[in-house]
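Shown below: run34.tsv, with TSV, C-alpha atoms.
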```tsv
chain	number	residue	atom	x	y	z
A	243	MET	CA	-49.27	24.21	30.18
A	244	SER	CA	-51.25	23.74	33.35
A	245	ALA	CA	-53.67	26.10	34.99
A	246	SER	CA	-53.63	26.90	38.66
A	247	PRO	CA	-56.89	26.18	40.49
A	248	VAL	CA	-59.15	29.04	41.49
A	249	ARG	CA	-61.20	28.85	44.63
A	250	PRO	CA	-64.95	29.42	44.45
A	251	HIS	CA	-66.30	32.91	44.03
A	252	GLN	CA	-66.67	34.84	47.27
A	253	HIS	CA	-68.64	37.91	46.17
A	254	ASP	CA	-71.98	38.60	44.62
A	255	GLU	CA	-72.00	39.03	40.87
A	256	ASN	CA	-73.16	42.64	41.02
A	257	GLU	CA	-70.08	43.71	42.89
A	258	CYS	CA	-67.77	41.81	40.56
A	259	GLY	CA	-69.62	43.20	37.54
A	260	ARG	CA	-69.16	46.73	38.81
A	261	VAL	CA	-65.46	46.16	39.39
A	262	LEU	CA	-65.12	44.68	35.93
A	263	THR	CA	-66.62	47.82	34.40
A	264	HIS	CA	-63.74	49.86	35.84
A	265	LEU	CA	-60.96	47.41	35.03
A	266	SER	CA	-59.86	49.10	31.79
A	267	ASP	CA	-59.73	52.53	33.43
A	268	TYR	CA	-57.70	50.99	36.23
A	269	ILE	CA	-55.23	49.44	33.76
A	270	ASP	CA	-54.98	52.79	31.93
A	271	HIS	CA	-54.45	54.66	35.23
A	272	LYS	CA	-57.57	56.70	34.57
A	273	LEU	CA	-59.50	55.75	37.70
A	274	SER	CA	-60.15	58.21	40.53
A	275	PRO	CA	-58.20	57.53	43.75
A	276	GLU	CA	-61.42	56.56	45.56
A	277	LEU	CA	-62.49	54.01	42.94
A	278	CYS	CA	-58.92	52.80	42.69
A	279	GLU	CA	-58.84	52.05	46.39
A	280	GLU	CA	-62.22	50.32	46.21
A	281	LEU	CA	-61.16	48.22	43.24
A	282	GLU	CA	-57.87	47.21	44.82
A	283	ALA	CA	-59.66	46.18	47.99
A	284	HIS	CA	-62.00	44.02	45.92
A	285	LEU	CA	-59.14	42.46	43.97
A	286	ALA	CA	-57.39	41.58	47.21
A	287	GLU	CA	-60.47	39.65	48.32
A	288	CYS	CA	-61.84	38.19	45.09
A	289	GLU	CA	-59.65	35.68	43.36
A	290	ASN	CA	-61.87	35.45	40.27
A	291	CYS	CA	-61.59	39.17	39.60
A	292	ARG	CA	-57.87	39.03	40.30
A	293	VAL	CA	-57.49	36.30	37.69
A	294	VAL	CA	-59.47	38.37	35.19
A	295	PHE	CA	-57.26	41.38	35.95
A	296	ASP	CA	-54.03	39.36	35.63
A	297	THR	CA	-55.04	37.63	32.43
A	298	LEU	CA	-56.26	40.90	30.95
A	299	ASN	CA	-52.82	42.37	31.58
A	300	LYS	CA	-51.23	39.33	29.97
A	301	THR	CA	-53.52	39.72	26.98
A	302	LEU	CA	-52.42	43.33	26.52
A	303	TYR	CA	-48.77	42.40	27.00
A	304	LEU	CA	-49.05	39.97	24.08
A	305	VAL	CA	-50.95	42.41	21.89
A	306	HIS	CA	-48.36	45.13	22.45
A	307	GLN	CA	-45.68	42.72	21.23
A	308	LEU	CA	-47.43	42.70	17.84
A	309	ARG	CA	-46.44	46.37	17.47
A	310	GLU	CA	-42.79	45.41	17.29
A	311	THR	CA	-43.09	42.63	14.76
A	312	PRO	CA	-45.45	43.35	11.85
A	313	PRO	CA	-46.56	40.38	9.77
A	314	LYS	CA	-44.46	39.75	6.69
A	315	LEU	CA	-45.55	41.43	3.48
A	316	PRO	CA	-46.33	38.65	0.97
A	317	GLU	CA	-43.86	38.72	-1.91
A	318	ALA	CA	-46.56	38.80	-4.59
A	319	VAL	CA	-48.26	41.74	-2.84
A	320	GLU	CA	-44.95	43.59	-2.81
A	321	TYR	CA	-44.36	42.95	-6.52
A	322	ARG	CA	-47.84	44.18	-7.42
A	323	LEU	CA	-47.35	47.29	-5.27
A	324	PHE	CA	-44.10	48.14	-7.06
A	325	ALA	CA	-45.83	47.57	-10.40
A	326	VAL	CA	-48.78	49.83	-9.46
A	327	MET	CA	-46.32	52.51	-8.36
A	328	LYS	CA	-44.59	52.25	-11.76
A	329	LEU	CA	-41.41	51.00	-10.13
A	330	GLU	CA	-41.08	47.88	-12.28
A	331	GLN	CA	-37.35	48.45	-12.66
A	332	PHE	CA	-36.89	47.27	-9.06
A	333	ILE	CA	-38.75	44.00	-9.58
A	334	PRO	CA	-36.49	41.02	-10.34
A	335	LYS	CA	-36.86	40.16	-14.05
A	336	LYS	CA	-38.27	36.66	-13.61
A	337	GLN	CA	-41.13	38.07	-11.50
A	338	LYS	CA	-42.31	40.81	-13.88
B	137	MET	CA	-33.89	37.98	2.18
B	138	THR	CA	-36.84	37.44	-0.14
B	139	GLY	CA	-38.78	39.88	-2.25
B	140	ILE	CA	-37.47	43.05	-3.79
B	141	GLU	CA	-34.04	44.11	-2.62
B	142	ILE	CA	-33.47	47.83	-2.17
B	143	ASP	CA	-30.39	49.54	-0.78
B	144	LEU	CA	-31.95	51.55	2.04
B	145	ASP	CA	-28.65	53.35	2.68
B	146	ILE	CA	-29.05	55.51	-0.44
B	147	TYR	CA	-30.84	57.98	1.82
B	148	PRO	CA	-28.98	58.24	5.14
B	149	ASP	CA	-31.91	59.68	7.09
B	150	GLU	CA	-35.57	60.61	6.80
B	151	ALA	CA	-34.81	64.20	5.77
B	152	ALA	CA	-32.77	62.95	2.81
B	153	LEU	CA	-35.49	60.45	1.91
B	154	LEU	CA	-38.10	63.21	2.01
B	155	LYS	CA	-36.03	65.39	-0.31
B	156	GLY	CA	-35.79	62.46	-2.70
B	157	LEU	CA	-39.52	61.85	-2.52
B	158	LYS	CA	-40.30	65.51	-3.18
B	159	ARG	CA	-37.94	65.45	-6.16
B	160	GLY	CA	-39.83	62.42	-7.45
B	161	ASP	CA	-36.84	60.05	-7.33
B	162	PRO	CA	-38.01	56.50	-8.06
B	163	GLU	CA	-35.31	55.23	-5.67
B	164	ALA	CA	-36.82	57.31	-2.85
B	165	CYS	CA	-40.27	55.92	-3.53
B	166	ALA	CA	-38.87	52.38	-3.61
B	167	CYS	CA	-37.05	52.98	-0.31
B	168	MET	CA	-40.19	54.34	1.34
B	169	ILE	CA	-42.21	51.35	0.21
B	170	LYS	CA	-39.57	48.83	1.24
B	171	GLN	CA	-39.30	50.42	4.65
B	172	TYR	CA	-42.96	51.03	5.47
B	173	ALA	CA	-45.09	48.67	3.38
B	174	PRO	CA	-45.03	45.77	5.90
B	175	ARG	CA	-46.46	47.94	8.68
B	176	VAL	CA	-48.96	49.61	6.37
B	177	TYR	CA	-50.10	46.19	5.17
B	178	ALA	CA	-50.34	45.02	8.79
B	179	ILE	CA	-52.73	47.79	9.78
B	180	ALA	CA	-54.69	47.32	6.53
B	181	ILE	CA	-55.24	43.60	6.96
B	182	ARG	CA	-56.12	43.90	10.64
B	183	MET	CA	-58.60	46.68	9.97
B	184	VAL	CA	-60.38	45.34	6.89
B	185	ASN	CA	-59.89	41.64	7.65
B	186	ASP	CA	-59.60	40.68	4.00
B	187	PRO	CA	-56.35	40.13	2.03
B	188	ASP	CA	-57.65	41.56	-1.27
B	189	GLU	CA	-59.04	44.68	0.32
B	190	ALA	CA	-55.92	45.04	2.44
B	191	GLU	CA	-53.86	45.04	-0.74
B	192	GLU	CA	-56.07	47.78	-2.17
B	193	VAL	CA	-55.59	49.81	1.02
B	194	LEU	CA	-51.83	49.29	0.76
B	195	GLN	CA	-51.72	50.50	-2.84
B	196	GLU	CA	-54.05	53.44	-2.17
B	197	THR	CA	-51.88	54.49	0.78
B	198	PHE	CA	-48.67	54.74	-1.23
B	199	ILE	CA	-50.36	56.28	-4.27
B	200	SER	CA	-51.87	58.93	-1.99
B	201	ALA	CA	-48.58	59.44	-0.14
B	202	CYS	CA	-46.61	60.04	-3.36
B	203	LYS	CA	-49.32	62.34	-4.69
B	204	ASN	CA	-49.43	64.40	-1.49
B	205	ILE	CA	-45.81	64.26	-0.39
B	206	HIS	CA	-45.38	67.97	-1.10
B	207	LYS	CA	-48.02	68.63	1.59
B	208	PHE	CA	-46.12	66.63	4.19
B	209	GLU	CA	-44.39	69.16	6.42
B	210	GLY	CA	-42.51	66.75	8.60
B	211	ARG	CA	-44.31	67.63	11.82
B	212	SER	CA	-44.72	63.92	12.45
B	213	ALA	CA	-42.51	61.05	11.38
B	214	LEU	CA	-43.07	59.78	7.84
B	215	GLY	CA	-44.21	56.42	9.24
B	216	THR	CA	-46.83	58.10	11.44
B	217	TRP	CA	-48.14	60.05	8.46
B	218	LEU	CA	-48.33	56.89	6.33
B	219	HIS	CA	-50.16	55.03	9.10
B	220	ARG	CA	-52.74	57.77	9.29
B	221	ILE	CA	-53.29	57.62	5.52
B	222	ALA	CA	-53.59	53.82	5.73
B	223	THR	CA	-56.02	54.05	8.64
B	224	ASN	CA	-58.24	56.47	6.75
B	225	ALA	CA	-58.10	54.34	3.60
B	226	ALA	CA	-59.04	51.23	5.61
B	227	LEU	CA	-61.94	53.05	7.26
B	228	MET	CA	-63.17	54.18	3.84
B	229	HIS	CA	-63.24	50.54	2.75
B	230	LEU	CA	-65.15	49.51	5.86
B	231	ARG	CA	-67.69	52.29	5.35
B	232	LYS	CA	-68.19	51.34	1.71
B	233	ARG	CA	-68.91	47.73	2.51
B	234	LYS	CA	-72.47	46.77	1.87
B	235	ASN	CA	-74.64	44.48	3.93
B	236	ARG	CA	-72.79	45.25	7.10
B	237	GLU	CA	-74.68	44.31	10.20
B	238	VAL	CA	-73.55	47.21	12.36
B	239	SER	CA	-72.46	50.68	11.31
B	240	LEU	CA	-69.07	51.96	12.44
B	241	ASP	CA	-70.90	54.90	13.93
B	242	ALA	CA	-73.58	52.80	15.59
B	243	PRO	CA	-74.18	53.64	19.23
B	244	VAL	CA	-72.81	51.17	21.72
B	245	GLU	CA	-74.71	50.12	24.78
B	246	MET	CA	-72.93	51.78	27.68
B	247	HIS	CA	-73.83	49.28	30.37
B	248	GLY	CA	-75.29	45.85	30.31
B	249	GLY	CA	-74.68	42.18	30.68
B	250	GLU	CA	-71.98	41.89	28.00
B	251	ASP	CA	-69.12	42.51	30.39
B	252	VAL	CA	-69.67	39.24	32.20
B	253	TYR	CA	-66.66	36.96	32.19
B	254	ARG	CA	-66.73	33.20	32.02
B	255	GLU	CA	-63.07	32.18	31.92
B	256	VAL	CA	-61.62	32.59	35.39
B	257	GLN	CA	-58.75	30.12	35.29
B	258	ASP	CA	-55.31	31.64	35.60
B	259	TRP	CA	-52.99	31.33	32.60
B	260	ALA	CA	-49.87	29.22	32.71
B	261	PHE	CA	-47.96	32.06	31.17
B	262	ALA	CA	-45.20	34.31	32.40
B	263	PRO	CA	-44.52	37.35	30.20
B	264	ASP	CA	-40.82	37.39	31.04
B	265	ASP	CA	-40.14	33.98	29.56
B	266	HIS	CA	-42.69	34.02	26.78
B	267	ALA	CA	-41.28	35.01	23.43
B	268	MET	CA	-43.77	35.79	20.70
B	269	ASN	CA	-43.56	32.62	18.65
B	270	SER	CA	-45.43	32.11	15.41
B	271	GLU	CA	-48.09	29.94	17.05
B	272	THR	CA	-48.90	32.60	19.65
B	273	ARG	CA	-48.91	35.26	16.95
B	274	ASP	CA	-51.36	33.25	14.84
B	275	VAL	CA	-53.67	32.67	17.81
B	276	LEU	CA	-53.57	36.34	18.69
B	277	GLU	CA	-54.12	37.60	15.14
B	278	LYS	CA	-57.04	35.20	14.70
B	279	ALA	CA	-58.63	36.32	17.98
B	280	ILE	CA	-58.29	39.98	16.99
B	281	SER	CA	-59.73	39.28	13.53
B	282	GLU	CA	-62.76	37.65	15.12
B	283	LEU	CA	-63.68	40.72	17.17
B	284	PRO	CA	-66.77	42.49	15.82
B	285	GLU	CA	-65.83	45.36	13.53
B	286	THR	CA	-66.91	48.12	15.92
B	287	LEU	CA	-64.70	46.70	18.66
B	288	ARG	CA	-61.85	45.62	16.38
B	289	THR	CA	-61.25	49.05	14.85
B	290	VAL	CA	-61.05	50.75	18.26
B	291	PHE	CA	-58.84	48.00	19.63
B	292	ILE	CA	-56.36	48.07	16.72
B	293	LEU	CA	-56.01	51.85	16.73
B	294	ARG	CA	-55.62	52.05	20.49
B	295	GLU	CA	-53.63	48.93	21.37
B	296	ILE	CA	-51.59	48.19	18.26
B	297	GLU	CA	-51.27	51.51	16.49
B	298	GLY	CA	-50.76	53.29	19.80
B	299	TYR	CA	-53.24	56.14	19.35
B	300	SER	CA	-54.70	57.63	22.54
B	301	THR	CA	-58.36	56.99	23.30
B	302	GLU	CA	-59.12	60.59	22.29
B	303	GLU	CA	-57.27	60.23	18.97
B	304	THR	CA	-58.99	56.90	18.32
B	305	ALA	CA	-62.39	58.46	18.93
B	306	ASN	CA	-61.51	61.35	16.63
B	307	ILE	CA	-60.30	59.07	13.81
B	308	LEU	CA	-63.45	56.94	14.01
B	309	GLY	CA	-65.80	59.87	14.48
B	310	ILE	CA	-67.23	58.55	17.73
B	311	SER	CA	-67.39	59.98	21.23
B	312	VAL	CA	-64.55	59.36	23.67
B	313	SER	CA	-66.92	57.53	26.01
B	314	ALA	CA	-68.03	55.22	23.18
B	315	ALA	CA	-64.38	54.55	22.32
B	316	LYS	CA	-63.67	53.69	25.96
B	317	VAL	CA	-66.61	51.30	26.17
B	318	ARG	CA	-65.64	49.58	22.92
B	319	LEU	CA	-62.03	49.30	24.00
B	320	HIS	CA	-63.02	47.74	27.31
B	321	ARG	CA	-65.33	45.24	25.60
B	322	ALA	CA	-62.69	44.38	23.01
B	323	ARG	CA	-60.10	43.73	25.71
B	324	LEU	CA	-62.45	41.48	27.67
B	325	ARG	CA	-63.53	39.55	24.58
B	326	LEU	CA	-59.97	39.03	23.49
B	327	ARG	CA	-59.05	37.76	26.93
B	328	GLU	CA	-61.92	35.29	26.74
B	329	SER	CA	-60.85	34.13	23.28
B	330	LEU	CA	-57.25	33.58	24.34
B	331	ALA	CA	-58.09	31.82	27.62
B	332	PRO	CA	-58.56	28.31	26.13
B	333	TYR	CA	-55.14	28.55	24.47
B	334	PHE	CA	-53.27	29.62	27.58
B	335	THR	CA	-55.10	27.48	30.14
B	336	GLN	CA	-54.98	24.24	28.21
B	337	PRO	CA	-52.98	21.47	29.89
B	338	ALA	CA	-49.61	20.51	28.42
```
Please express the file's structure as structure tokens.
Amino acid sequence: MSASPVRPHQHDENECGRVLTHLSDYIDHKLSPELCEELEAHLAECENCRVVFDTLNKTLYLVHQLRETPPKLPEAVEYRLFAVMKLEQFIPKKQK
Amino acid sequence: MTGIEIDLDIYPDEAALLKGLKRGDPEACACMIKQYAPRVYAIAIRMVNDPDEAEEVLQETFISACKNIHKFEGRSALGTWLHRIATNAALMHLRKRKNREVSLDAPVEMHGGEDVYREVQDWAFAPDDHAMNSETRDVLEKAISELPETLRTVFILREIEGYSTEETANILGISVSAAKVRLHRARLRLRESLAPYFTQPA
């Protein structure tokens, strides 16, 4: 994987910091129209903040995929759960 | 297929499964566990971050569910109800833990220098062609597990379990504004943690 280069920062850190504070609300569509406009104008100008915004969206995209595919339940954990629930009759004999 | 094999078709739908559970049929209980235990275990292990405690949460969840099944009125899906029981059980474990550095209910600084980002390289990653492989899953799970507890709990409930910010705040007993701040911080920290993985050269 290769990363695309990012040109040097064009804005002062205070402005970027302020934008960053509102980034989650922006992603969640909870930002007022005025702040939304201000943030979008900043993102259009500031490549660093745009990268943060894009990669934050990618982060959330990946996390949401975890919802669809839960980790596998370890076999031993499953056997012990069935035993605790007094459902031993469902456990294969060699595992009891 | 590994593990215990159960014929999930014994109960054609959730209503039939519920009837079986309320009758106390062992087959119904086995079906419920087979169907929902992986997701219950997933929330448990992400919340408590410890396999032994996660197993306790898993067992407590199903014991509680079977004990209280007569109270379940079916206003939500059975899975939703089980997740809520598991969430509460996991939070009980977190609250009981001794020597914790920060309380779950500890106030969070609303503004400050923590929101500064360092990683500003774009990721060589296109969602459309990126399937969730096991390596990505491992990286992601590890990054989530390394979030501080106060941020991790909010993040899991909101982003993985799909609760709204208001519901998340209610479950954790914190204000909505605190939940929002924690969620924002968790998202940014996770992005930072994942950056080295996705920006590394081939």
Distance in Å - CA of Gln257 in chain B versus CA of Arg292 in chain A | 10.3 Å
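Taking CA of Asn204 in chain B as the reference point, CA of Ile169 in chain B is found at 15.0 Å.
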Grab the CA of Val319 in chain A to CA of Glu189 in chain B distance for me, in Å with one decimal place.
->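 Distance between the two atoms: 11.6 Å.
Comparing the minimum interatomic distances between Ala151 in chain B and each of B:Glu209, B:Glu328, B:Glu277, B:Glu282, counting all atoms listed in the file, we find that B:Glu209 sits nearest.
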For Lys207 in chain B, list every protein, DNA or RNA residue within 12 Å, evaluated using all atoms listed in the file, and leave out those in the same chain fewer than 5 positions away; present the list as a list in words.
->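 Those residues are Leu154, Leu157, Lys158, Ser200, Ala201, Cys202, Leu214 and Trp217 of chain B.
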Generate a file of the selected residues that holds C-alpha atoms, formatted as a PDB file, in the coordinates of the input.
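Output below, filename result09.pdb:
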```
ATOM      1  CA  LEU B 154     -38.100  63.210   2.010  1.00  0.00           C
ATOM      2  CA  LEU B 157     -39.520  61.850  -2.520  1.00  0.00           C
ATOM      3  CA  LYS B 158     -40.300  65.510  -3.180  1.00  0.00           C
ATOM      4  CA  SER B 200     -51.870  58.930  -1.990  1.00  0.00           C
ATOM      5  CA  ALA B 201     -48.580  59.440  -0.140  1.00  0.00           C
ATOM      6  CA  CYS B 202     -46.610  60.040  -3.360  1.00  0.00           C
ATOM      7  CA  LEU B 214     -43.070  59.780   7.840  1.00  0.00           C
ATOM      8  CA  TRP B 217     -48.140  60.050   8.460  1.00  0.00           C
TER       9      TRP B 217
END
```
